[in-house]
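Colleague: I am sharing data_19.csv, which consists of CSV, C-alpha atoms:
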chain,number,residue,atom,x,y,z
A,26,MET,CA,26.5,94.2,122.2
A,27,LYS,CA,25.9,96.6,119.3
A,28,MET,CA,28.3,99.1,121.0
A,29,LEU,CA,30.9,96.4,121.5
A,30,ARG,CA,30.6,95.3,117.9
A,31,ASN,CA,31.1,98.9,116.7
A,32,LEU,CA,34.1,99.3,118.9
A,33,LEU,CA,35.6,96.1,117.4
A,34,ILE,CA,34.9,97.3,113.9
A,35,ILE,CA,36.5,100.7,114.7
A,36,ALA,CA,39.6,99.0,116.2
A,37,ALA,CA,39.9,96.7,113.1
A,38,LEU,CA,39.6,99.7,110.8
A,39,ALA,CA,42.3,101.5,112.7
A,40,VAL,CA,44.7,98.5,112.4
A,41,ILE,CA,43.9,98.3,108.6
A,42,SER,CA,44.5,102.1,108.3
A,43,ILE,CA,47.9,101.8,110.1
A,44,THR,CA,48.9,98.8,108.1
A,45,ALA,CA,48.0,100.6,104.8
A,46,ALA,CA,49.9,103.7,105.9
A,47,GLN,CA,53.0,101.6,106.6
A,48,ALA,CA,52.7,99.9,103.3
A,49,THR,CA,52.5,103.1,101.4
A,50,GLN,CA,55.3,104.9,103.2
A,51,PRO,CA,58.0,105.8,100.7
A,52,ALA,CA,61.4,104.1,101.0
A,53,GLU,CA,64.1,106.2,102.7
A,54,VAL,CA,65.9,108.5,100.3
A,55,ILE,CA,69.5,107.3,99.8
A,56,HIS,CA,72.0,110.2,99.3
A,57,THR,CA,75.0,109.5,97.1
A,58,ASN,CA,78.1,111.7,97.4
A,59,ARG,CA,81.5,111.3,95.8
A,60,TYR,CA,84.7,112.5,97.5
A,61,VAL,CA,88.4,112.3,96.7
A,62,LEU,CA,91.0,111.5,99.5
A,63,THR,CA,94.2,113.0,98.3
A,64,GLY,CA,97.8,112.0,99.0
A,65,ILE,CA,97.1,108.4,100.1
A,66,PRO,CA,100.5,106.6,100.2
A,67,VAL,CA,101.3,103.7,97.9
A,68,GLN,CA,105.0,103.3,98.5
A,69,THR,CA,107.7,105.7,99.7
A,70,ASN,CA,107.4,108.9,97.7
A,71,LEU,CA,104.5,107.4,95.7
A,72,PHE,CA,100.9,108.6,96.3
A,73,VAL,CA,97.4,108.3,94.8
A,74,ASN,CA,94.1,110.1,95.1
A,75,ILE,CA,91.3,107.7,96.0
A,76,GLU,CA,87.7,108.3,95.1
A,77,ILE,CA,85.1,107.2,97.6
A,78,ILE,CA,81.3,107.0,97.1
A,79,VAL,CA,79.3,107.6,100.3
A,80,LEU,CA,75.7,106.3,100.6
A,81,ASP,CA,73.6,107.4,103.5
A,82,ALA,CA,70.0,107.7,104.5
A,83,GLY,CA,70.4,110.7,106.8
A,84,ARG,CA,70.7,108.7,110.0
A,85,ASN,CA,72.6,110.2,112.9
A,86,ASN,CA,73.9,106.9,114.4
A,87,GLY,CA,75.0,103.5,113.3
A,88,ASP,CA,77.9,101.7,111.8
A,89,ASP,CA,79.8,102.6,108.6
A,90,ILE,CA,80.5,99.7,106.2
A,91,THR,CA,83.2,99.8,103.6
A,92,CYS,CA,83.2,98.0,100.3
A,93,LEU,CA,86.2,97.2,98.0
A,94,HIS,CA,85.8,96.0,94.5
A,95,GLY,CA,87.6,93.3,92.5
A,96,LEU,CA,89.4,92.7,89.2
A,97,VAL,CA,88.3,95.2,86.4
A,98,HIS,CA,85.2,96.2,88.5
A,99,THR,CA,84.7,99.7,89.9
A,100,ALA,CA,83.1,100.9,93.1
A,101,ASP,CA,80.0,101.8,91.2
A,102,THR,CA,79.1,98.1,91.0
A,103,PHE,CA,78.4,98.3,94.8
A,104,LEU,CA,75.8,101.1,94.3
A,105,PRO,CA,72.8,98.7,94.1
A,106,ILE,CA,73.8,96.5,97.1
A,107,GLY,CA,74.9,99.6,99.1
A,108,THR,CA,71.4,101.0,98.6
A,109,ALA,CA,69.9,97.6,99.5
A,110,MET,CA,71.9,97.3,102.8
A,111,LEU,CA,70.7,100.8,103.9
A,112,HIS,CA,67.1,99.9,103.1
A,113,ARG,CA,67.3,96.6,104.9
A,114,ASP,CA,69.5,97.3,107.9
A,115,LYS,CA,68.5,100.4,110.0
A,116,LYS,CA,71.7,99.9,112.1
A,117,ILE,CA,73.9,101.2,109.2
A,118,HIS,CA,74.9,104.8,109.2
A,119,SER,CA,76.6,104.8,105.8
A,120,VAL,CA,78.1,102.5,103.2
A,121,ILE,CA,81.4,103.7,101.8
A,122,LEU,CA,82.5,102.4,98.4
A,123,ILE,CA,86.2,102.6,97.6
A,124,ASN,CA,87.6,102.9,94.1
A,125,ARG,CA,90.9,101.1,93.9
A,126,VAL,CA,94.0,102.8,92.4
A,127,GLY,CA,93.4,103.9,88.8
A,128,HIS,CA,89.7,102.8,88.9
A,129,GLY,CA,86.7,105.1,88.6
A,130,GLY,CA,87.6,108.5,89.9
A,131,SER,CA,90.8,107.4,91.6
A,132,SER,CA,94.0,108.6,90.2
A,133,LEU,CA,97.0,106.9,88.8
A,134,PRO,CA,100.0,106.8,91.2
A,135,TYR,CA,102.1,109.9,91.2
A,136,GLY,CA,105.4,111.0,92.7
A,137,PRO,CA,109.1,110.7,92.0
A,138,ALA,CA,109.4,107.0,92.5
A,139,GLY,CA,109.1,106.2,88.8
A,140,VAL,CA,106.4,103.5,89.3
A,141,VAL,CA,103.6,103.3,86.8
A,142,PHE,CA,100.1,101.9,87.2
A,143,GLY,CA,100.9,98.6,85.7
A,144,ASP,CA,103.7,98.0,88.3
A,145,ILE,CA,101.3,98.3,91.2
A,146,THR,CA,101.1,95.1,93.3
A,147,VAL,CA,98.6,93.6,95.7
A,148,ASP,CA,101.0,94.6,98.5
A,149,ASP,CA,100.8,98.2,97.3
A,150,GLU,CA,97.0,98.0,97.2
A,151,SER,CA,96.9,96.8,100.8
A,152,THR,CA,98.9,99.8,101.8
A,153,VAL,CA,96.4,102.1,100.0
A,154,LEU,CA,93.5,100.3,101.7
A,155,LEU,CA,95.0,100.9,105.2
A,156,GLY,CA,95.7,104.5,104.3
A,157,VAL,CA,92.0,105.0,103.2
A,158,ILE,CA,90.7,103.4,106.4
A,159,ASP,CA,93.0,105.6,108.5
A,160,ARG,CA,91.8,108.7,106.7
A,161,LEU,CA,88.2,107.7,107.0
A,162,THR,CA,88.6,107.0,110.7
A,163,ALA,CA,90.4,110.3,111.3
A,164,ASN,CA,87.4,112.0,109.7
A,165,GLY,CA,85.0,110.3,112.2
A,166,ALA,CA,83.9,107.1,110.4
A,167,ASP,CA,83.0,104.2,112.7
A,168,ILE,CA,83.9,101.3,110.4
A,169,SER,CA,82.5,98.0,111.6
A,170,GLU,CA,82.8,95.9,108.4
A,171,LEU,CA,84.9,95.6,105.2
A,172,ILE,CA,83.2,93.7,102.3
A,173,ALA,CA,85.9,92.7,99.9
A,174,HIS,CA,84.9,91.2,96.6
A,175,SER,CA,87.1,88.7,94.6
A,176,LEU,CA,90.7,90.0,94.4
A,177,ALA,CA,89.9,92.5,97.1
A,178,GLY,CA,89.7,89.6,99.5
A,179,SER,CA,93.4,89.1,98.9
A,180,ILE,CA,94.1,92.8,99.4
A,181,ALA,CA,92.2,92.7,102.7
A,182,LEU,CA,94.2,89.7,103.9
A,183,ALA,CA,97.5,91.3,102.9
A,184,ALA,CA,96.4,94.5,104.8
A,185,ASN,CA,95.7,92.4,107.9
A,186,ASP,CA,99.1,90.9,107.7
A,187,LYS,CA,100.6,94.4,107.8
A,188,LEU,CA,98.4,95.3,110.8
A,189,VAL,CA,99.4,92.1,112.7
A,190,ALA,CA,103.1,92.9,112.0
A,191,ALA,CA,102.4,96.3,113.6
A,192,GLY,CA,100.8,94.7,116.7
A,193,THR,CA,97.1,95.0,115.8
A,194,SER,CA,94.6,93.6,113.4
A,195,PHE,CA,91.3,94.4,111.7
A,196,SER,CA,89.6,92.6,114.5
A,197,LYS,CA,91.3,94.7,117.1
A,198,LEU,CA,90.2,97.8,115.2
A,199,GLY,CA,86.6,96.6,115.5
A,200,ILE,CA,86.4,95.8,111.7
A,201,GLU,CA,84.9,92.5,110.6
A,202,VAL,CA,86.3,91.4,107.2
A,203,LYS,CA,83.9,89.7,104.7
A,204,PRO,CA,85.7,88.4,101.6
A,205,VAL,CA,83.1,87.5,99.0
A,206,ASN,CA,84.1,85.0,96.3
A,207,SER,CA,87.7,85.7,97.2
A,208,THR,CA,90.8,84.7,95.2
A,209,PHE,CA,93.4,82.4,96.7
A,210,PRO,CA,97.0,83.2,97.8
A,211,ALA,CA,100.0,81.1,96.9
A,212,GLU,CA,99.5,78.8,100.0
A,213,ILE,CA,96.1,77.6,98.7
A,214,SER,CA,96.2,75.4,95.6
A,215,ASP,CA,94.1,76.9,92.7
A,216,PRO,CA,93.6,74.4,89.9
A,217,ILE,CA,92.3,77.1,87.5
A,218,ALA,CA,95.3,79.4,88.0
A,219,ASP,CA,97.8,76.5,88.2
A,220,SER,CA,96.4,75.1,84.9
A,221,GLY,CA,97.6,78.3,83.1
A,222,TYR,CA,94.1,79.2,82.1
A,223,TYR,CA,94.3,82.8,83.2
A,224,ASP,CA,97.7,83.2,81.5
A,225,ALA,CA,96.3,81.7,78.3
A,226,VAL,CA,93.1,83.9,78.3
A,227,LEU,CA,93.9,87.2,80.0
A,228,LEU,CA,97.6,87.6,79.2
A,229,ASP,CA,97.7,86.4,75.6
A,230,PRO,CA,98.0,89.6,73.6
A,231,ALA,CA,96.0,87.9,70.8
A,232,ASN,CA,92.9,88.1,73.0
A,233,GLY,CA,93.1,91.8,73.4
A,234,TYR,CA,92.8,91.8,77.2
A,235,LEU,CA,96.4,92.7,77.8
A,236,GLN,CA,97.1,96.4,76.9
A,237,TRP,CA,100.0,98.8,77.2
A,238,SER,CA,100.5,102.6,77.2
A,239,ALA,CA,103.4,104.8,78.0
A,240,GLU,CA,101.5,106.4,80.8
A,241,THR,CA,100.2,103.2,82.5
A,242,GLY,CA,102.5,100.4,81.5
A,243,PHE,CA,100.9,97.0,81.1
A,244,TYR,CA,97.4,96.5,82.3
A,245,VAL,CA,94.5,94.0,81.8
A,246,THR,CA,91.0,95.0,80.9
A,247,LEU,CA,87.8,93.3,79.7
A,248,ASP,CA,85.3,94.2,77.0
A,249,PRO,CA,81.6,94.3,78.2
A,250,TYR,CA,80.8,90.9,76.7
A,251,SER,CA,83.7,89.2,78.5
A,252,PHE,CA,82.7,90.9,81.7
A,253,LEU,CA,79.2,89.4,81.4
A,254,TYR,CA,80.6,86.0,80.7
A,255,PHE,CA,83.2,85.9,83.5
A,256,PHE,CA,81.2,87.5,86.3
A,257,LEU,CA,77.4,87.6,85.8
A,258,PRO,CA,74.9,84.8,85.2
A,259,PRO,CA,73.2,84.2,81.8
A,260,THR,CA,69.9,85.3,83.4
A,261,THR,CA,71.2,88.8,84.1
A,262,THR,CA,69.1,91.6,82.6
A,263,LEU,CA,72.2,93.9,82.3
A,264,THR,CA,73.4,94.5,78.8
A,265,PRO,CA,77.0,95.3,77.7
A,266,GLU,CA,75.8,98.9,77.1
A,267,ASP,CA,74.6,99.0,80.7
A,268,LEU,CA,78.0,97.9,82.0
A,269,VAL,CA,79.7,100.8,80.2
A,270,SER,CA,77.1,103.5,80.9
A,271,LEU,CA,77.0,102.5,84.6
A,272,GLY,CA,80.7,102.7,84.9
A,273,TYR,CA,81.2,99.2,86.1
A,274,ILE,CA,84.3,98.2,84.1
A,275,ASP,CA,87.9,99.5,84.3
A,276,LYS,CA,91.5,98.4,83.8
A,277,ASP,CA,93.7,96.6,86.4
A,278,PRO,CA,97.5,96.7,86.8
A,279,LEU,CA,99.4,93.7,85.4
A,280,GLY,CA,101.2,93.4,88.7
A,281,VAL,CA,97.9,93.0,90.6
A,282,THR,CA,96.5,90.6,88.1
A,283,LEU,CA,99.5,88.3,88.3
A,284,GLY,CA,99.4,88.7,92.1
A,285,VAL,CA,95.9,87.1,92.3
A,286,LEU,CA,95.5,85.1,89.2
A,287,GLY,CA,99.1,84.0,88.3
A,288,MET,CA,100.8,80.7,88.9
A,289,ALA,CA,101.3,79.7,92.6
A,290,ASN,CA,104.8,81.2,92.6
A,291,GLU,CA,103.4,84.5,91.3
A,292,ARG,CA,100.4,84.8,93.5
A,293,ILE,CA,100.6,86.9,96.7
A,294,SER,CA,101.6,85.1,99.9
A,295,ILE,CA,99.5,85.4,103.0
A,296,GLN,CA,100.6,84.6,106.6
A,297,SER,CA,98.7,81.8,108.4
A,298,GLY,CA,96.8,82.6,111.6
A,299,GLY,CA,96.2,86.3,110.8
A,300,PHE,CA,92.6,85.8,112.1
A,301,SER,CA,93.4,83.3,114.8
A,302,ARG,CA,92.1,83.8,118.3
A,303,LYS,CA,95.2,85.7,119.2
A,304,HIS,CA,94.4,88.4,116.6
A,305,GLY,CA,90.6,88.1,116.6
A,306,LYS,CA,88.5,85.9,114.4
A,307,ASP,CA,86.3,88.6,112.9
A,308,ILE,CA,86.3,87.2,109.3
A,309,THR,CA,83.6,85.5,107.3
A,310,PHE,CA,84.1,84.1,103.8
A,311,SER,CA,81.2,83.9,101.4
A,312,VAL,CA,81.0,81.8,98.3
A,313,GLY,CA,78.3,82.1,95.6
A,314,GLN,CA,76.5,78.8,95.1
A,315,ASN,CA,76.7,79.3,91.3
A,316,ASP,CA,80.2,80.9,91.1
A,317,GLY,CA,82.3,79.2,88.5
A,318,ASN,CA,85.4,81.2,89.5
A,319,THR,CA,85.6,80.3,93.3
A,320,ASP,CA,85.6,76.9,94.9
A,321,LEU,CA,83.8,76.1,98.2
A,322,GLU,CA,86.3,73.6,99.4
A,323,GLN,CA,89.3,75.9,98.6
A,324,THR,CA,87.6,78.7,100.4
A,325,ARG,CA,87.1,76.5,103.5
A,326,GLU,CA,90.8,75.6,103.3
A,327,LEU,CA,91.7,79.3,103.1
A,328,SER,CA,89.4,80.1,106.1
A,329,LYS,CA,91.1,77.4,108.2
A,330,TYR,CA,94.5,78.7,107.1
A,331,VAL,CA,93.9,82.3,108.2
A,332,THR,CA,91.9,81.4,111.3
A,333,ALA,CA,94.1,78.6,112.5
A,334,GLY,CA,91.5,75.9,111.9
A,335,VAL,CA,88.1,77.4,111.9
A,336,ASP,CA,85.7,77.0,109.0
A,337,ARG,CA,84.0,80.4,108.7
A,338,VAL,CA,82.5,80.1,105.2
A,339,VAL,CA,78.9,80.7,104.3
A,340,VAL,CA,77.3,79.9,100.9
A,341,ILE,CA,75.4,82.8,99.4
A,342,ARG,CA,73.1,83.0,96.4
A,343,GLY,CA,74.2,83.7,92.8
A,344,GLY,CA,77.4,83.7,91.0
A,345,HIS,CA,80.7,85.6,91.2
A,346,SER,CA,79.4,89.2,90.9
A,347,SER,CA,75.7,88.6,91.7
A,348,TYR,CA,75.8,91.4,94.3
A,349,ILE,CA,75.4,93.6,91.1
A,350,ASP,CA,72.1,92.2,89.9
A,351,MET,CA,70.8,90.5,93.1
A,352,PRO,CA,71.5,93.3,95.6
A,353,TYR,CA,68.8,92.6,98.1
A,354,GLU,CA,69.3,88.9,98.1
A,355,ILE,CA,73.1,89.2,98.6
A,356,ALA,CA,72.6,92.0,101.2
A,357,GLU,CA,70.5,89.5,103.2
A,358,ASP,CA,73.0,86.7,102.7
A,359,LEU,CA,75.8,89.0,104.1
A,360,GLY,CA,73.8,89.6,107.2
A,361,HIS,CA,72.1,92.9,106.3
Would you mind writing the file out in structure tokens?

Modeller:
Amino acid sequence: MKMLRNLLIIAALAVISITAAQATQPAEVIHTNRYVLTGIPVQTNLFVNIEIIVLDAGRNNGDDITCLHGLVHTADTFLPIGTAMLHRDKKIHSVILINRVGHGGSSLPYGPAGVVFGDITVDDESTVLLGVIDRLTANGADISELIAHSLAGSIALAANDKLVAAGTSFSKLGIEVKPVNSTFPAEISDPIADSGYYDAVLLDPANGYLQWSAETGFYVTLDPYSFLYFFLPPTTTLTPEDLVSLGYIDKDPLGVTLGVLGMANERISIQSGGFSRKHGKDITFSVGQNDGNTDLEQTRELSKYVTAGVDRVVVIRGGHSSYIDMPYEIAEDLGH
């Protein structure tokens, strides 16, 4: 009996030792690298250089996830949740963050077309997104998911329209689209936009958000305090100084701003049924439970519009941009 008791004690100590070792194991080191994809087409004879930020944990296998940011954000806002997804989900090979045209390290458009930054539209941005995905795929990326925040949801839907017109779709390419707190196209009524609120606040020169320069044309930007007010909850620990030092804020073309926030006749138009059974229903919309900019019922209407009748909407925690300061919670809510 004494020998048996000793064996049980030794076994128990071994389990405790293994558990303690697991608990003290350091988290995987996440590597962050920035690259520039040159010569991505915007329009005929108009190009842009797009900065991507690649996060990886040194894994040899797994899926690659792409993230596209929204209005006046930059790809750097995805650094916390990109890290969280890699820590939580061992099936991920890398997380690729895309800086939109003129944001972060991405260039202004160049070429002989005579189009400036402020003229860029949501349609142009969808062309750029497809060009980036083509370039990444050609370089060996195995993209399984596109997380598209806020206005980027409209960009992703417009890009899928282009794919459908070409006889394919994101679903057929093996890419699930996940719009997070998406904006609404002209086909979906948006009481906030239709009330003229955005025009009154963002586009009134007296408020200082609408800017102009000879190089860029008209664009919209936010000061750090307005960024906090519009996108993050009052409980955030981020300060205006943090937003600037972390590179979270940038300008947006007036054309894009009107395309997602303007009156119904100015907002981008999206085809119905682009994610129907015929084209593959790999799309899931997410709405923050405390998001004051996005409406749950509208998002359900949008989901049914693009899927031909299927409600593919999930409610996630936080507000409009809570993936910034609730990265592990939102990573879990998004299935990682």

Colleague: With distances taken over all atoms listed in the file, which of A:Ile55, A:Leu155, A:Ala231, A:Leu80 is nearest to Leu188 in chain A?

Modeller: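 Of A:Ile55, A:Leu155, A:Ala231, A:Leu80, the one nearest Leu188 in chain A, counting all atoms listed in the file, is A:Leu155.
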
Colleague: Pick out the closest residue to Asp219 in chain A from this set: A:Asn70, A:Asn290, A:Ser169, A:Thr319. Count all atoms listed in the file.

Modeller: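 So, comparing all the options, the nearest one is A:Asn290.
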
Colleague: Of the residues A:Gly233, A:Pro210, A:Pro204, A:Pro258, which is the one nearest to Val340 in chain A, using all atoms listed in the file?

Modeller: A:Pro204

Colleague: Given the choices A:Gly317, A:Gly136, A:Gly199, A:Pro278, which gets closest to Thr162 in chain A if the distance is worked out from only C-alpha atoms?

Modeller: A:Gly199

Colleague: What is the CA of Thr332 in chain A-CA of Ile123 in chain A distance in Å, reported with one decimal?

Modeller: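 Between these atoms lies a distance of 25.9 Å.
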
Colleague: Could you pull the residues within 8 Å of Arg325 in chain A, counting all atoms listed in the file, minus those fewer than 4 positions along the same chain, as number ranges by chain?

Modeller: A: 321, 329, 336-338

Colleague: Nearest residue to Leu327 in chain A out of A:Gly284, A:Gly178, A:Gly107, A:Pro352, using all atoms listed in the file?

Modeller: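 Under the stated criterion, the closest residue is A:Gly178.
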
Colleague: Here is a test: counting all atoms listed in the file, which residue of A:Ile274, A:Ile213, A:Ile295, A:Ala138 is nearest to Leu96 in chain A?

Modeller: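 The shortest atom-to-atom distance to Leu96 in chain A comes from A:Ile274.
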
Colleague: How many Å lie between CA of Asp144 in chain A and CA of Asn318 in chain A, rounded to one decimal?

Modeller: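 Computing the Euclidean distance for CA of Asp144 in chain A and CA of Asn318 in chain A yields 24.9 Å.
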
Colleague: Rounded to one decimal place, report the CA of Ile308 in chain A-CA of Ser328 in chain A distance in Å.

Modeller: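 Calculated distance between CA of Ile308 in chain A and CA of Ser328 in chain A is 8.4 Å.
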
Colleague: Scan for residues within 12 Å of the point (74.2, 87.7, 99.6) in the coordinates of the file, using all atoms listed in the file, and reply as a PyMOL selection string.

Modeller: chain A and resi 106-107+109-110+172+174+203-206+310-314+339-361

Colleague: I'd like the contact shell of Val54 in chain A - 10 Å cut-off, only C-alpha atoms, skipping same-chain residues fewer than 2 positions apart - returned as JSON, numbers by chain.

Modeller: {"A": [51, 52, 56, 57, 81, 82, 83, 108, 111, 112]}

Colleague: Write out as a list in words each polymer residue whose atoms come within 9 Å of Thr282 in chain A, counting only C-alpha atoms; drop sequence neighbours fewer than 3 positions from it.

Modeller: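 Result of the neighbour search: Leu96, Thr146, Val147, Leu176, Tyr244, Val245, Asp277, Pro278, Leu279, Val285, Leu286, Gly287 and Arg292 of chain A.
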
Colleague: Extract, using only C-alpha atoms, all DNA, RNA and protein residues at most 8 Å from Arg125 in chain A, discarding same-chain residues fewer than 6 positions from it, and format them as a PDB file with C-alpha atoms, in the frame of the given file.

Modeller:
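Contents of the output file part_1.pdb:
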ATOM      1  CA  ILE A  75      91.300 107.700  96.000  1.00  0.00           C
ATOM      2  CA  GLU A  76      87.700 108.300  95.100  1.00  0.00           C
ATOM      3  CA  LEU A  93      86.200  97.200  98.000  1.00  0.00           C
ATOM      4  CA  HIS A  94      85.800  96.000  94.500  1.00  0.00           C
ATOM      5  CA  THR A  99      84.700  99.700  89.900  1.00  0.00           C
ATOM      6  CA  ALA A 100      83.100 100.900  93.100  1.00  0.00           C
ATOM      7  CA  SER A 131      90.800 107.400  91.600  1.00  0.00           C
ATOM      8  CA  GLU A 150      97.000  98.000  97.200  1.00  0.00           C
TER       9      GLU A 150
END

Colleague: Generate all heavy atoms for range 328-336 of chain A and emit them as a PDB file, in the frame of the given file.

Modeller:
ATOM      1  N   SER A 328      89.933  79.640 104.780  1.00  0.00           N
ATOM      2  CA  SER A 328      89.400  80.100 106.100  1.00  0.00           C
ATOM      3  C   SER A 328      90.189  79.423 107.223  1.00  0.00           C
ATOM      4  O   SER A 328      90.608  80.086 108.174  1.00  0.00           O
ATOM      5  CB  SER A 328      87.925  79.745 106.194  1.00  0.00           C
ATOM      6  OG  SER A 328      87.439  80.036 107.482  1.00  0.00           O
ATOM      7  N   LYS A 329      90.394  78.124 107.125  1.00  0.00           N
ATOM      8  CA  LYS A 329      91.100  77.400 108.200  1.00  0.00           C
ATOM      9  C   LYS A 329      92.577  77.874 108.247  1.00  0.00           C
ATOM     10  O   LYS A 329      93.185  77.901 109.324  1.00  0.00           O
ATOM     11  CB  LYS A 329      91.037  75.912 107.943  1.00  0.00           C
ATOM     12  CG  LYS A 329      89.624  75.353 108.143  1.00  0.00           C
ATOM     13  CD  LYS A 329      89.561  73.876 107.806  1.00  0.00           C
ATOM     14  CE  LYS A 329      88.149  73.335 107.978  1.00  0.00           C
ATOM     15  NZ  LYS A 329      88.044  71.902 107.616  1.00  0.00           N
ATOM     16  N   TYR A 330      93.127  78.259 107.107  1.00  0.00           N
ATOM     17  CA  TYR A 330      94.500  78.700 107.100  1.00  0.00           C
ATOM     18  C   TYR A 330      94.677  80.044 107.810  1.00  0.00           C
ATOM     19  O   TYR A 330      95.616  80.209 108.601  1.00  0.00           O
ATOM     20  CB  TYR A 330      94.949  78.879 105.600  1.00  0.00           C
ATOM     21  CG  TYR A 330      96.367  79.364 105.415  1.00  0.00           C
ATOM     22  CD1 TYR A 330      97.450  78.502 105.560  1.00  0.00           C
ATOM     23  CD2 TYR A 330      96.625  80.690 105.088  1.00  0.00           C
ATOM     24  CE1 TYR A 330      98.753  78.941 105.390  1.00  0.00           C
ATOM     25  CE2 TYR A 330      97.922  81.143 104.909  1.00  0.00           C
ATOM     26  CZ  TYR A 330      98.982  80.266 105.054  1.00  0.00           C
ATOM     27  OH  TYR A 330     100.273  80.717 104.880  1.00  0.00           O
ATOM     28  N   VAL A 331      93.753  80.984 107.600  1.00  0.00           N
ATOM     29  CA  VAL A 331      93.900  82.300 108.200  1.00  0.00           C
ATOM     30  C   VAL A 331      93.360  82.363 109.641  1.00  0.00           C
ATOM     31  O   VAL A 331      93.730  83.253 110.420  1.00  0.00           O
ATOM     32  CB  VAL A 331      93.314  83.428 107.358  1.00  0.00           C
ATOM     33  CG1 VAL A 331      93.975  83.488 106.004  1.00  0.00           C
ATOM     34  CG2 VAL A 331      91.804  83.294 107.238  1.00  0.00           C
ATOM     35  N   THR A 332      92.464  81.421 109.998  1.00  0.00           N
ATOM     36  CA  THR A 332      91.900  81.400 111.300  1.00  0.00           C
ATOM     37  C   THR A 332      92.525  80.413 112.266  1.00  0.00           C
ATOM     38  O   THR A 332      92.109  80.283 113.419  1.00  0.00           O
ATOM     39  CB  THR A 332      90.383  81.166 111.310  1.00  0.00           C
ATOM     40  OG1 THR A 332      90.165  79.841 110.798  1.00  0.00           O
ATOM     41  CG2 THR A 332      89.643  82.191 110.470  1.00  0.00           C
ATOM     42  N   ALA A 333      93.504  79.661 111.775  1.00  0.00           N
ATOM     43  CA  ALA A 333      94.100  78.600 112.500  1.00  0.00           C
ATOM     44  C   ALA A 333      93.124  77.474 112.843  1.00  0.00           C
ATOM     45  O   ALA A 333      93.023  76.997 113.979  1.00  0.00           O
ATOM     46  CB  ALA A 333      94.767  79.100 113.816  1.00  0.00           C
ATOM     47  N   GLY A 334      92.355  77.081 111.808  1.00  0.00           N
ATOM     48  CA  GLY A 334      91.500  75.900 111.900  1.00  0.00           C
ATOM     49  C   GLY A 334      90.049  76.033 111.951  1.00  0.00           C
ATOM     50  O   GLY A 334      89.329  75.035 112.080  1.00  0.00           O
ATOM     51  N   VAL A 335      89.511  77.241 111.822  1.00  0.00           N
ATOM     52  CA  VAL A 335      88.100  77.400 111.900  1.00  0.00           C
ATOM     53  C   VAL A 335      87.467  77.641 110.529  1.00  0.00           C
ATOM     54  O   VAL A 335      87.958  78.446 109.738  1.00  0.00           O
ATOM     55  CB  VAL A 335      87.740  78.666 112.796  1.00  0.00           C
ATOM     56  CG1 VAL A 335      86.221  78.844 112.911  1.00  0.00           C
ATOM     57  CG2 VAL A 335      88.350  78.497 114.184  1.00  0.00           C
ATOM     58  N   ASP A 336      86.407  76.884 110.245  1.00  0.00           N
ATOM     59  CA  ASP A 336      85.700  77.000 109.000  1.00  0.00           C
ATOM     60  C   ASP A 336      84.659  78.139 109.140  1.00  0.00           C
ATOM     61  O   ASP A 336      83.614  77.958 109.758  1.00  0.00           O
ATOM     62  CB  ASP A 336      85.001  75.697 108.641  1.00  0.00           C
ATOM     63  CG  ASP A 336      84.227  75.757 107.320  1.00  0.00           C
ATOM     64  OD1 ASP A 336      84.061  76.869 106.770  1.00  0.00           O
ATOM     65  OD2 ASP A 336      83.784  74.703 106.849  1.00  0.00           O
TER      66      ASP A 336
END
